[in-house]
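These notes are about the structure you will find just below.
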Amino acid sequence: MRSVCFYFQVHQPYRLKTYRFFDIGKDHYYFDDFQNRSLARRIADKCYLPANQIMLDLIKKYDGKFKISYSISGCALDQFEQYVPEVIESFKRLAETGCVEFLAETYAHSLSALKSKKEFVKQVKYQSEKIYELFGQKPTTFRNTELIYSDEIGKMVADMGYKTMLTEGAKHILGWKSPNYMYCNAINPKLKLLLKNFRLSDDIAFRFSQSSWSEFPLTSEKFTHWLNSIDPEEEVVNLFLDYETFGEHQWEETGIFEFLKALPEQIFNYSDYTFNTPKELAESLQPVGTINVPYPISWADEERDLTAWLGNDLQDEAFHKIYEIEEKIKQIDDFEIWKEWRYLQTSDHFYYMCTKWFSDGDVHKYFNPYGSPYEAFINYMNVLSDFMIRIEEKIEHVRSGETDRKENAKLKLHKKVEKNSLKKTNTKTKEISFTDVNALSNAKIKQLLKSVDIEDLAYALVNVKKEIKNQILKNLGKRAMVKYEAIVLESDNFKKADIIKRKKAFLKECKKHL
Amino acid sequence: MKVLMFGWEFPPHITGGLGTACFGLTKGLMHNDVEVLFVVPKAYGDENQEAVKLINASDIEIDIRSHFYKDYWNKLQYIEVDSNIVPYTTPEEYFNIMETYERTGEVKGESIFFRKFNFSGKYGTKLIEEVERYALIARKIASSYEFDVIHAHDWLTYFAGVEAKKVSGKPLVVHMHATEFDRSGENINQMVYDRERAGMEAADRVISVSNLTRDIVINRYGINENKVLTVHNAVEPMQKKPVREKKFFKEKVVTFLGRVTFQKGPEYFIEAAYKILQRDRNVRFVMAGSGDMLNKMIKRVAELNIATKFHFTGFLQGSDVDKMFALSDVYVMPSVSEPFGISPLEAMRSNVPVVISKQSGVAEILKHALKVDFWDIDALANSIYGLLHYNAISKMFKTYGRQEVDNLKWDNAALKVKKVYQSVI
């Protein structure tokens with residue numbers, strides 16, 4: 001039995017609007033809503049919706065034997081939720097079939113793996129939570145941005161607990177080896193690797209409608225014949241594609257959808273291949289050897305390296321600047337800032353600054369909203385300049401806030417001493433519960449919340465009655481609310497002991513205000 | 001293959017862009033094994049000189065012609081014709097100069113082209129008369145020499161080219177370096193337009209210096225598009241190293257260098273400067289050049305109250321131009337209409353990053369330059385700001401800009417011209 005493993009990359013960046021230098025310091029909104037919305041709409045209509053429908057039909061038609069996998073970036077999911085929620089719905093329907101695996105990646109489809117382990121880990125965690133929230137799956141397979149991989153990155157991924165990772169079957173790392181086996185990471189052999197069969201994948205992704213190609217036109221019969229001509233010893237053919245191949249890169253008129261519809265039938269009827277997801281393959285296949293990748297590879301261009309995103313002066317300066325502020329972002333710890341920073345990390349921004357297409361690849365040009373890489377760079381740097389000013393301001397704010405808090409703490413200490421002396425005389429030590437909180441006035445609750453850490457609050461409110469929860473939360477500030485929601489997202493991971501401890505502490509605090 | 005070329009100037013007397021282009025092209029053609037019979041109008045006021053003078057290779061003095069060019073003279077025959085016609089002149093301008101000269105004996109005007117003339121009163125006082133006299137001499141030349149094809153540069157020599165074609169029956173190629181629309185905007189001189197058009201109509205092929213010019217030739221002159229071909233200009237490799245000049249102030253310098261006329265878009269430069277100065281006082285702007293819009297521009301700068309940061313140098317030439325480039329951090333060419341535009345290339349060779357308008361022919365071939373619509377002041381200001389503030393971009397420009405310009409070789413352009421010849425012979 002041999003397998004075909006289909007994996008599709010779904011990604012849309014938050015494109016930046018034209019942002020002039022005289023907007024710096026004045027205008028703090030960076031994204032081109034109109035372009036993002038209209039592109040999301042167009043690609044949904046041309047690709048995501050029809051392709052998802054075909055996939056769903058195929059899964060039903062073959063009674064669950066047709067299986068596929070997706071990696072959908074967080075910023076694509078955010079845009080779908082914002083602009084074309086029906087795309088989310090259609091992915092949910094696919095998830096419900098049980099024949100579709102969703103993979104983990106970085107939330108912003110970023111290059112963080114190359115720069116900051118902490119940020120990388122954070123983004124991956126947030127992304128997999130988002131996948132769980134939407135599709136009810138906890139990803140066990142990892143796919144890094146644009147299949148970027150190195151031994152080191154593989155190790156980080158293994159450390160996060162992922163069992164399998166996908167990457168490019170680049171010629172220069174494979175040498176004589178075939179990509180059609182399971183391999184493993186050179187540092188941590190527990191991490192299994194599935195390598196893209198780039199010839200067969202690119203036959204569909206790039207050459208499908210190329211009339212100058214000697215194999216044009218590509219039919220499902222021909223493709224199945226090629227699959228059959230692979231040595232029967234080899235275990236898996238990994239077809240990793242941009243999902244936008246269907247209907248966007250290859251227009252509907254090229255017959256790409258017909259090809260997609262016909263391929264499973266050919267494979268079922270005329271070959272011994274089955275369709276499997278990465279997760280299934282990780283369970284059934286054992287690695288035949290390690291793959292050494294000291295320098296990062298990707299699936300881009302002839303070179304299969306990073307030069308589409310990094311390497312020229314423009315890219316390097318922008319990349320350096322965006323990660324330079326990582327420490328400050330952490331200090332500020334503001335959900336909105338954090339989100340924007342993440343959107344600015346999206347690899348596409350660096351791709352637009354690529355000067356390689358001066359000599360080759362009109363592929364780059366097609367996906368570039370800018371007239372030239374220089375324009376892309378200037379626009380990005382203008383945005384970043386404003387963002388950095390805001391970061392500085394926030395940092396100032398945080399610092400002055402800290403000194404305030406210290407003074408408050410001193411005051412509180414004084415009050416405590418007074419109260420304690422009162423208590424001794426009063427000796428009222430009745431335990432209170434959350435129902436008592438109901439009795440508090442809004443003003444009192446507000447006062448109470450001032451002295452409570454948001455994280456503690458999130459823990460304390462686990463499993464509390466809705467009415468009481470609402471009573472408390474409606475007194476929370478907007479920013480604090482955002483933070484609260486972010487923490488609650490992770491509530492499944494809260495430890496029971498912590499919850500009990502913090503509940504007690506919270507009630508104690510309440511008592512003071514009763 | 002041998003071409004009879006009606007061109008302009010030759011070293012060491014080169015004064016303008018057209019002469020530079022003719023010289024570069026001739027050299028490139030010879031590298032591509034095309035012999036050139038080169039005819040130039042030249043007026044030195046030598047009364048005894050014959051109307052047509054043929055200079056053979058043996059007559060060339062090495063020290064003047066520089067042994068660097070020695071090889072080319074073997075394949076080149078050089079003919080000087082006594083004539084007062086100069087490139088880029090309008091009939092009105094020409095008339096004014098001649099009239100002033102006759103009255104006062106003085107030569108007026110700042111244009112570099114006028115410096116080299118000794119006005120003798122021997123020639124016609126009207127430009128058109130002079131052009132016609134030149135064409136007559138062209139007939140004589142065409143009947144006395146052997147050649148395969150005729151090539152004429154800009155409208156003043158078109159008539160000569162047409163006459164040469166009539167006499168010899170050889171095919172004619174005319175070269176459009178600038179159209180009347182580029183020179184005069186919409187207020188064109190009908191007579192010049194008619195001459196240009198007649199020349200192109202009579203020609204077997206028209207070479208335009210950019211696609212922009214090609215479009216004008218096709219759409220505004222109604223020339224059959226199948227016979228109009230674009231061959232972009234090139235530049236001579238730089239002999240000298242960029243000059244270094246010490247700056248005595250700390251601000252960065254943004255430069256406009258060119259004629260201060262409607263065609264060059266000086267007002268857009270000023271408006272962009274104003275936008276930048278509102279945010280960043282650490283910049284100085286320089287407008288180098290003169291022209292009919294200069295006073296208006298000075299007034300505007302005063303009106304915007306930026307005169308302490310915006311400077312006018314007047315007309316610059318020679319080493320002053322090199323010095324200006326050496327002081328500049330950004331070079332801006334916001335031309336409204338520019339058939340080609342060689343000056344950004346000169347800036348790039350001096351390692352100065354450039355912002356150019358999309359309405360220039362040179363924008364069609366340059367990659368390492370920022371391009372904006374001339375009317376888009378926001379984009380113009382933004383590009384200048386980006387170059388001044390984000391180091392990576394000027395670093396890239398400096399690394400690749402010069403390289404890019406050095407790769408624009410006349411040999412390649414000449415090969416294209418040769419192919420044009422071959423298509424008509």
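Identifiers in the structure tokens: chain A, B, ... in order shown; residue index from 1 per chain; ligand index from 1 in order shown.
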Next item on the list: Find the residues of chain B in contact range of chain A, meaning any atom within 8 Å when counting only C-alpha atoms, and list them as a PyMOL selection string.
Entry: chain B and resi 275+279+367+370+378-379+382-383+385-386+390+392-393+395-396
Please, could you write that set of residues out with N, CA, C and O atoms as a PDB file, in the first residue's frame?
```
ATOM      1  N   LYS B 275       6.233  69.825   1.737  1.00  0.00           N
ATOM      2  CA  LYS B 275       5.664  68.738   2.559  1.00  0.00           C
ATOM      3  C   LYS B 275       6.721  68.129   3.469  1.00  0.00           C
ATOM      4  O   LYS B 275       6.443  67.793   4.619  1.00  0.00           O
ATOM      5  N   ARG B 279       7.820  68.363   8.184  1.00  0.00           N
ATOM      6  CA  ARG B 279       8.077  67.269   9.126  1.00  0.00           C
ATOM      7  C   ARG B 279       9.514  67.178   9.551  1.00  0.00           C
ATOM      8  O   ARG B 279       9.828  66.724  10.630  1.00  0.00           O
ATOM      9  N   LYS B 367      15.678  50.171 -13.097  1.00  0.00           N
ATOM     10  CA  LYS B 367      15.072  49.372 -12.043  1.00  0.00           C
ATOM     11  C   LYS B 367      15.406  49.946 -10.676  1.00  0.00           C
ATOM     12  O   LYS B 367      14.572  49.977  -9.792  1.00  0.00           O
ATOM     13  N   LEU B 370      13.389  55.168  -7.848  1.00  0.00           N
ATOM     14  CA  LEU B 370      11.999  55.278  -7.423  1.00  0.00           C
ATOM     15  C   LEU B 370      11.241  56.037  -8.489  1.00  0.00           C
ATOM     16  O   LEU B 370      11.708  57.048  -8.992  1.00  0.00           O
ATOM     17  N   ASP B 378       2.391  63.768  -3.139  1.00  0.00           N
ATOM     18  CA  ASP B 378       2.494  62.938  -1.936  1.00  0.00           C
ATOM     19  C   ASP B 378       3.483  61.801  -2.151  1.00  0.00           C
ATOM     20  O   ASP B 378       4.336  61.527  -1.311  1.00  0.00           O
ATOM     21  N   ALA B 379       3.344  61.136  -3.280  1.00  0.00           N
ATOM     22  CA  ALA B 379       4.230  59.998  -3.572  1.00  0.00           C
ATOM     23  C   ALA B 379       5.663  60.492  -3.765  1.00  0.00           C
ATOM     24  O   ALA B 379       6.612  59.845  -3.327  1.00  0.00           O
ATOM     25  N   ASN B 382       7.036  61.362  -0.397  1.00  0.00           N
ATOM     26  CA  ASN B 382       7.232  60.121   0.348  1.00  0.00           C
ATOM     27  C   ASN B 382       8.498  59.382  -0.104  1.00  0.00           C
ATOM     28  O   ASN B 382       9.244  58.846   0.705  1.00  0.00           O
ATOM     29  N   SER B 383       8.736  59.381  -1.413  1.00  0.00           N
ATOM     30  CA  SER B 383       9.921  58.704  -1.937  1.00  0.00           C
ATOM     31  C   SER B 383      11.194  59.402  -1.468  1.00  0.00           C
ATOM     32  O   SER B 383      12.167  58.756  -1.073  1.00  0.00           O
ATOM     33  N   TYR B 385      11.525  61.262   1.167  1.00  0.00           N
ATOM     34  CA  TYR B 385      11.629  61.020   2.605  1.00  0.00           C
ATOM     35  C   TYR B 385      12.216  59.630   2.874  1.00  0.00           C
ATOM     36  O   TYR B 385      13.096  59.470   3.718  1.00  0.00           O
ATOM     37  N   GLY B 386      11.721  58.646   2.152  1.00  0.00           N
ATOM     38  CA  GLY B 386      12.203  57.274   2.324  1.00  0.00           C
ATOM     39  C   GLY B 386      13.701  57.181   2.059  1.00  0.00           C
ATOM     40  O   GLY B 386      14.438  56.555   2.815  1.00  0.00           O
ATOM     41  N   TYR B 390      15.605  55.976   5.439  1.00  0.00           N
ATOM     42  CA  TYR B 390      15.833  54.541   5.591  1.00  0.00           C
ATOM     43  C   TYR B 390      17.095  54.149   4.827  1.00  0.00           C
ATOM     44  O   TYR B 390      17.103  54.059   3.606  1.00  0.00           O
ATOM     45  N   ALA B 392      18.829  51.537   4.266  1.00  0.00           N
ATOM     46  CA  ALA B 392      18.990  50.348   3.421  1.00  0.00           C
ATOM     47  C   ALA B 392      18.740  50.677   1.962  1.00  0.00           C
ATOM     48  O   ALA B 392      19.400  50.147   1.066  1.00  0.00           O
ATOM     49  N   ILE B 393      17.801  51.566   1.731  1.00  0.00           N
ATOM     50  CA  ILE B 393      17.404  51.812   0.350  1.00  0.00           C
ATOM     51  C   ILE B 393      18.480  52.590  -0.413  1.00  0.00           C
ATOM     52  O   ILE B 393      18.825  52.244  -1.544  1.00  0.00           O
ATOM     53  N   LYS B 395      21.544  52.547   0.313  1.00  0.00           N
ATOM     54  CA  LYS B 395      22.648  51.591   0.228  1.00  0.00           C
ATOM     55  C   LYS B 395      22.469  50.689  -0.999  1.00  0.00           C
ATOM     56  O   LYS B 395      23.392  50.476  -1.777  1.00  0.00           O
ATOM     57  N   MET B 396      21.245  50.196  -1.153  1.00  0.00           N
ATOM     58  CA  MET B 396      20.946  49.341  -2.318  1.00  0.00           C
ATOM     59  C   MET B 396      21.164  50.110  -3.611  1.00  0.00           C
ATOM     60  O   MET B 396      21.729  49.604  -4.573  1.00  0.00           O
TER      61      MET B 396
END
```
Next item on the list: Considering only C-alpha atoms, return as a ChimeraX atom specification whatever protein or nucleic-acid residues lie within 12 Å of range 74-78 of chain A, sequence-local ones (same chain, fewer than 5 positions apart) excluded.
Entry: /A:9-15,36-37,39-40,43-44,48,83-89,91-92,103-110,123-135,145,339-348
Checklist line | Backbone-only DSSP, helix (DSSP H, G or I) members of range 232-341 of chain B, as JSON, numbers by chain | finding: {"B": [262, 263, 264, 266, 267, 268, 269, 270, 271, 272, 273, 274, 275, 276, 277, 278, 279, 294, 295, 296, 297, 298, 299, 300, 301, 302, 303, 319, 320, 321, 322, 323, 324, 325, 326, 327]}
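Taking only C-alpha atoms, the non-local environment of Ser337 in chain B within 7 Å (same-chain residues fewer than 2 positions away omitted) comprises Asp182, Gln263, Ser335, Pro339, Gln359 and Ser360 of chain B.
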Notebook entry, point to check: Expressed in Å to a single decimal, how great is the separation between CA of Val167 in chain B and CA of Arg133 in chain B?
Noted result: 15.6 Å
Check: Could you pull out all residues of range 111-290 of chain B with a DSSP call of strand (DSSP E or B) and give them as a PyMOL selection string?
Finding: chain B and resi 149-153+172-176+205-208+228-230+252-257+283-288
Next item on the list: Provide the CA of Phe256 in chain B to CA of Met293 in chain B distance in Å, to one decimal place.
Entry: 13.8 Å
Next item on the list: Determine, counting only C-alpha atoms, which protein, DNA and RNA residues have an atom within 12 Å of an atom of Ile256 in chain A; residues of the same chain fewer than 3 positions away are not included. Present the result as a PyMOL selection string.
Entry: chain A and resi 46-47+50-51+54+203-209+217-220+243-253+259-263
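CA of Gly161 in chain A sits 20.2 Å away from CA of Val293 in chain A.
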Next item on the list: Name all residues at most 9 Å from Lys190 in chain A (count only C-alpha atoms; drop same-chain ones fewer than 4 positions away) and give them as a ChimeraX atom specification.
Entry: /A:158,163-164,184-185
Can you write just those residues out, C-alpha atoms, as a JSON list (two decimals), in the first residue's frame?
```
[["chain", "number", "residue", "atom", "x", "y", "z"],
["A", 158, "ALA", "CA", 9.83, 18.71, 18.41],
["A", 163, "LYS", "CA", 5.25, 14.56, 16.09],
["A", 164, "THR", "CA", 5.54, 15.34, 12.40],
["A", 184, "CYS", "CA", 13.36, 12.30, 10.68],
["A", 185, "ASN", "CA", 15.06, 15.34, 12.18]]
```
